[in-house]
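Everything below concerns the one structure shown next.
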Amino acid sequence: MLNAHSKYGKLQFKEVIQPAIDLAENGFPVTRRQAAELNSNRKSFIERNSFRPAFVKDSLWKEGDFLIQSALAETLKRIRDYGRDGFYSGKTARLMIREMKRGNGIVSEQDLKEYRSVSRVPLTADYKGYKIITVPPPSSGGIILIQLLTMIDPYPFREWGFNSSQTIHLMVEAERRAFADRSEYLGDPGFVKMPVDQLVSRKYLLNRMSTFDEKRASPSQEIKPGFPEGYTSEETTHYSVVDAGGNAVAATTTLNNTFGNSIVVDSAGFLLNNQMDDFSIKPGFPNMYGLVGGEANSVQPGKRMLSSMTPSIVEKEGKLLLVLGSPGGSTIPTTVFQVIINVLDFGMNIRQAVDAGRFHHQWSPDWISYEKNAVDTVTSNKLRYMGHILKERTSIGSVNAIMILSGGKKAGGADKRGNNSSCGY
Ligand code: DON
């Protein structure tokens, strides 16, 4: 945030951070959903912390109760006053290391001192004349999104219709293949050489779909990671912002689980993440999202784990059209994929595109998970007939999107599935 601010910010950093300090210091009324999430994590907060964090109060939380986070306010003030040193060294760092020692964690003072954020060049691709601008590794999200859009492009799915069995079958078969590639090739670019250009090349992806059968699901066992040419083996939150000058930000941040590992740094007021789960701990062993991986995403000192976050921007003829992203672990790239084609191919407005029912396939496990309203009985029977396994699940993703309408007006697409909202200033 500090680096982005120093490169692009117009206001003083102390002005930008003040609303967060105020919210932490004075509190804010929790929503019904937040109250329920806090209550369902109450046991972990009590068990995993040696003090009582702000997330626990004597009675259970109800909608409208104020969540005050005084220790976090002090941490934010240290960041306001000392910038990066307010977090990575000094008091906050000492508190974090003390917390690490208490929990037998391995992060050292040296690790904090040496940590650097990295600015990377986004991935871009053309989809039917629209420019897709999305996240590069160490997230897998952008590569998967581009692979999916390119793989479905040659098929007349607009005619097949939104969420018809044929359209879902096509999208799922593309998803199966993209996630198989993810498991083999993707990881931290600082550690693994990845065939990114080849993985997103049209030629490779057309070939990848050469085994697509319009009438039959290909079992994941038969779908192996592809062979890109020239390659030798060797609580997530998303927000979208557009300012008056047309500058756009698509930002996804994650603690992995809601409330991370539930451990709050004593006296510093912030949660520790459990993002280590995004590494592959051994080949073929699924993480909490059921994702499998191999060497490319193995655990190594200083290496970043492979994410699925997919903050993305879509332009039409050099003009901003969409800003979007979502939480949802492995379902993030497929959620972003669906919202994009809902707008570009199925002609939905942003509200409809975000609210429309979703489904997801990630190669392994070999089934389509879907939201109840996404697939009707006739469609699910047709998909089963083709050989797909279907499993209904709770909601998928929670998008915050902005669409620029002709004439320049901005429309917000805040997902009904989460604590989301759109606003203009
Ligand atoms: O980086 C990732 O892909 C995951 N840690 C994201 C986790 C997530 O979206 C959880 N929210 N539902």
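Identifiers in this document derive from the order of the structure tokens: chains are assigned A, B, ..., residues are numbered from 1 separately in each chain, and ligands are numbered from 1 in order of occurrence.
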Could you pull the residues within 7 Å of region 90-107 of chain A, counting only C-alpha atoms, minus those fewer than 5 positions along the same chain, as a ChimeraX atom specification? /A:75,85,265-266,268
Dump the neighbourhood of ligand 1 as a VMD selection string: all residues within 10 Å, distances computed on only C-alpha atoms and all ligand atoms. chain A and resid 138 to 141 235 to 238 252 to 260 273 to 279 288 to 289 305 to 310 326 to 333 396 to 398
So which residues of region 138-177 of chain A fall under alpha helix (DSSP H) by DSSP, listed as a list in words?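 Answer for region 138-177 of chain A, restricted to alpha helix (DSSP H): Gly141, Gly142, Ile143, Ile144, Leu145, Ile146, Gln147, Leu148, Leu149, Thr150, Met151, Ile152, Phe157, Arg158, Glu159, Trp160, Ser165, Gln166, Thr167, Ile168, His169, Leu170, Met171, Val172, Glu173, Ala174, Glu175, Arg176 and Arg177 of chain A.
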Using only C-alpha atoms, the shortest atom-to-atom distance to Ala356 (chain A) among A:Asn163, A:Ile313, A:Val200, A:Gly86 belongs to A:Asn163
Which residues of region 131-153 of chain A come within 10 Å of region 339-354 of chain A, and for each one, what is the closest pair of atoms and their distance in Å to one decimal, counting only C-alpha atoms, sorted by chain and residue number, as a Markdown table?
```
| residue | atom | partner | partner_atom | distance |
| --- | --- | --- | --- | --- |
| A:Ile132 | CA | A:Ile340 | CA | 9.5 |
| A:Leu145 | CA | A:Ile340 | CA | 9.7 |
| A:Leu149 | CA | A:Ile341 | CA | 8.2 |
```
Coordinates-based distance that separates CA of Leu322 (chain A) from CA of Asp197 (chain A) (Å, one decimal): 24.0 Å
As a PyMOL selection string, please: every residue in region 187-417 of chain A that DSSP puts in strand (DSSP E or B). chain A and resi 213+216+237-242+248-253+264+271+307+312-316+319-324+359-360+368-371+390-393+400-404+410-414
Got a sec: who's within 9 Å of Lys410 (chain A), counting only C-alpha atoms, leaving out chain neighbours fewer than 4 positions off, as a list in words?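 Near Lys410 (chain A), the qualifying residues are Val242, Ile402, Met403, Ile404, Leu405 and Gly424 of chain A.
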Could you write out that same residue set with N, CA and C atoms as an mmCIF file, in the first residue's frame?
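Below you can see out00.cif, which holds the result:
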```
data_model
loop_
_atom_site.group_PDB
_atom_site.id
_atom_site.type_symbol
_atom_site.label_atom_id
_atom_site.label_comp_id
_atom_site.auth_asym_id
_atom_site.auth_seq_id
_atom_site.Cartn_x
_atom_site.Cartn_y
_atom_site.Cartn_z
ATOM 1 N N VAL A 242 -12.542 3.342 -9.151
ATOM 2 C CA VAL A 242 -12.247 4.176 -10.326
ATOM 3 C C VAL A 242 -12.334 5.630 -9.867
ATOM 4 N N ILE A 402 -16.907 -2.771 -10.999
ATOM 5 C CA ILE A 402 -17.395 -1.486 -11.511
ATOM 6 C C ILE A 402 -17.454 -1.614 -13.022
ATOM 7 N N MET A 403 -18.537 -1.102 -13.605
ATOM 8 C CA MET A 403 -18.620 -1.083 -15.062
ATOM 9 C C MET A 403 -18.819 0.362 -15.494
ATOM 10 N N ILE A 404 -18.047 0.770 -16.517
ATOM 11 C CA ILE A 404 -18.203 2.125 -17.044
ATOM 12 C C ILE A 404 -19.219 2.051 -18.178
ATOM 13 N N LEU A 405 -20.293 2.791 -18.052
ATOM 14 C CA LEU A 405 -21.359 2.746 -19.058
ATOM 15 C C LEU A 405 -21.047 3.732 -20.175
ATOM 16 N N GLY A 424 -20.303 6.106 -4.429
ATOM 17 C CA GLY A 424 -19.576 7.125 -5.155
ATOM 18 C C GLY A 424 -19.361 8.314 -4.246
#
```
If we count only C-alpha atoms, what is near Asp22 (chain A) at a cut-off of 10 Å, once residues fewer than 3 positions away on the same chain are taken out, given as a list in words?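 Surrounding residues, per the criterion: Ile17, Gln18, Pro19, Glu25, Asn26, Gly27, Phe28, Ile68, Gln69, Ser70, Ala73 and Leu76 of chain A.
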Please produce an output containing C-alpha atoms for each residue in the selection, written as a compact mmCIF listing (two decimals), in the first residue's frame.
```txt
# COMPACT_ATOMS: atom_id res chain seq x y z
CA ILE A 17 -4.86 6.00 6.53
CA GLN A 18 -6.91 8.15 8.93
CA PRO A 19 -10.34 6.61 8.12
CA GLU A 25 -10.40 3.40 17.37
CA ASN A 26 -14.08 4.35 17.43
CA GLY A 27 -15.43 1.08 16.12
CA PHE A 28 -18.10 0.36 13.53
CA ILE A 68 -13.58 -1.48 18.53
CA GLN A 69 -9.97 -2.47 17.80
CA SER A 70 -7.76 -0.25 19.97
CA ALA A 73 -5.50 1.57 15.91
CA LEU A 76 -2.01 1.81 12.20
```
Please determine, counting only C-alpha atoms, which residue among A:Leu271, A:Ala411, A:Ile389, A:Leu2 has the shortest atom-to-atom distance to Ala71 (chain A). A:Leu271
Counting only C-alpha atoms, figure out which residue out of A:Gly387, A:Glu392, A:Ile144, A:Arg32 gets nearest to Lys372 (chain A). A:Glu392
With only C-alpha atoms as the atoms that count, which of A:Ala248, A:Ala217, A:Val56, A:Ile223 lies nearest to Trp367 (chain A)?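 Ranking A:Ala248, A:Ala217, A:Val56, A:Ile223 by distance to Trp367 (chain A), first place goes to A:Ala217.
Neighbours of Lys382 (chain A) closer than or equal to 7 Å, with only C-alpha atoms counted and sequence neighbours fewer than 4 positions away skipped, come out as Ser165, Val378 and Met386 of chain A.
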Using only C-alpha atoms, which protein or nucleic acid residues come within 9 Å of region 174-182 of chain A? Drop anything in the same chain fewer than 4 positions from it, and give the result as a ChimeraX atom specification. /A:140,143-145,147-149,151-152,169-170,186-187,199,208-209,212,218,220,223-227,291-293,334,360-364,366
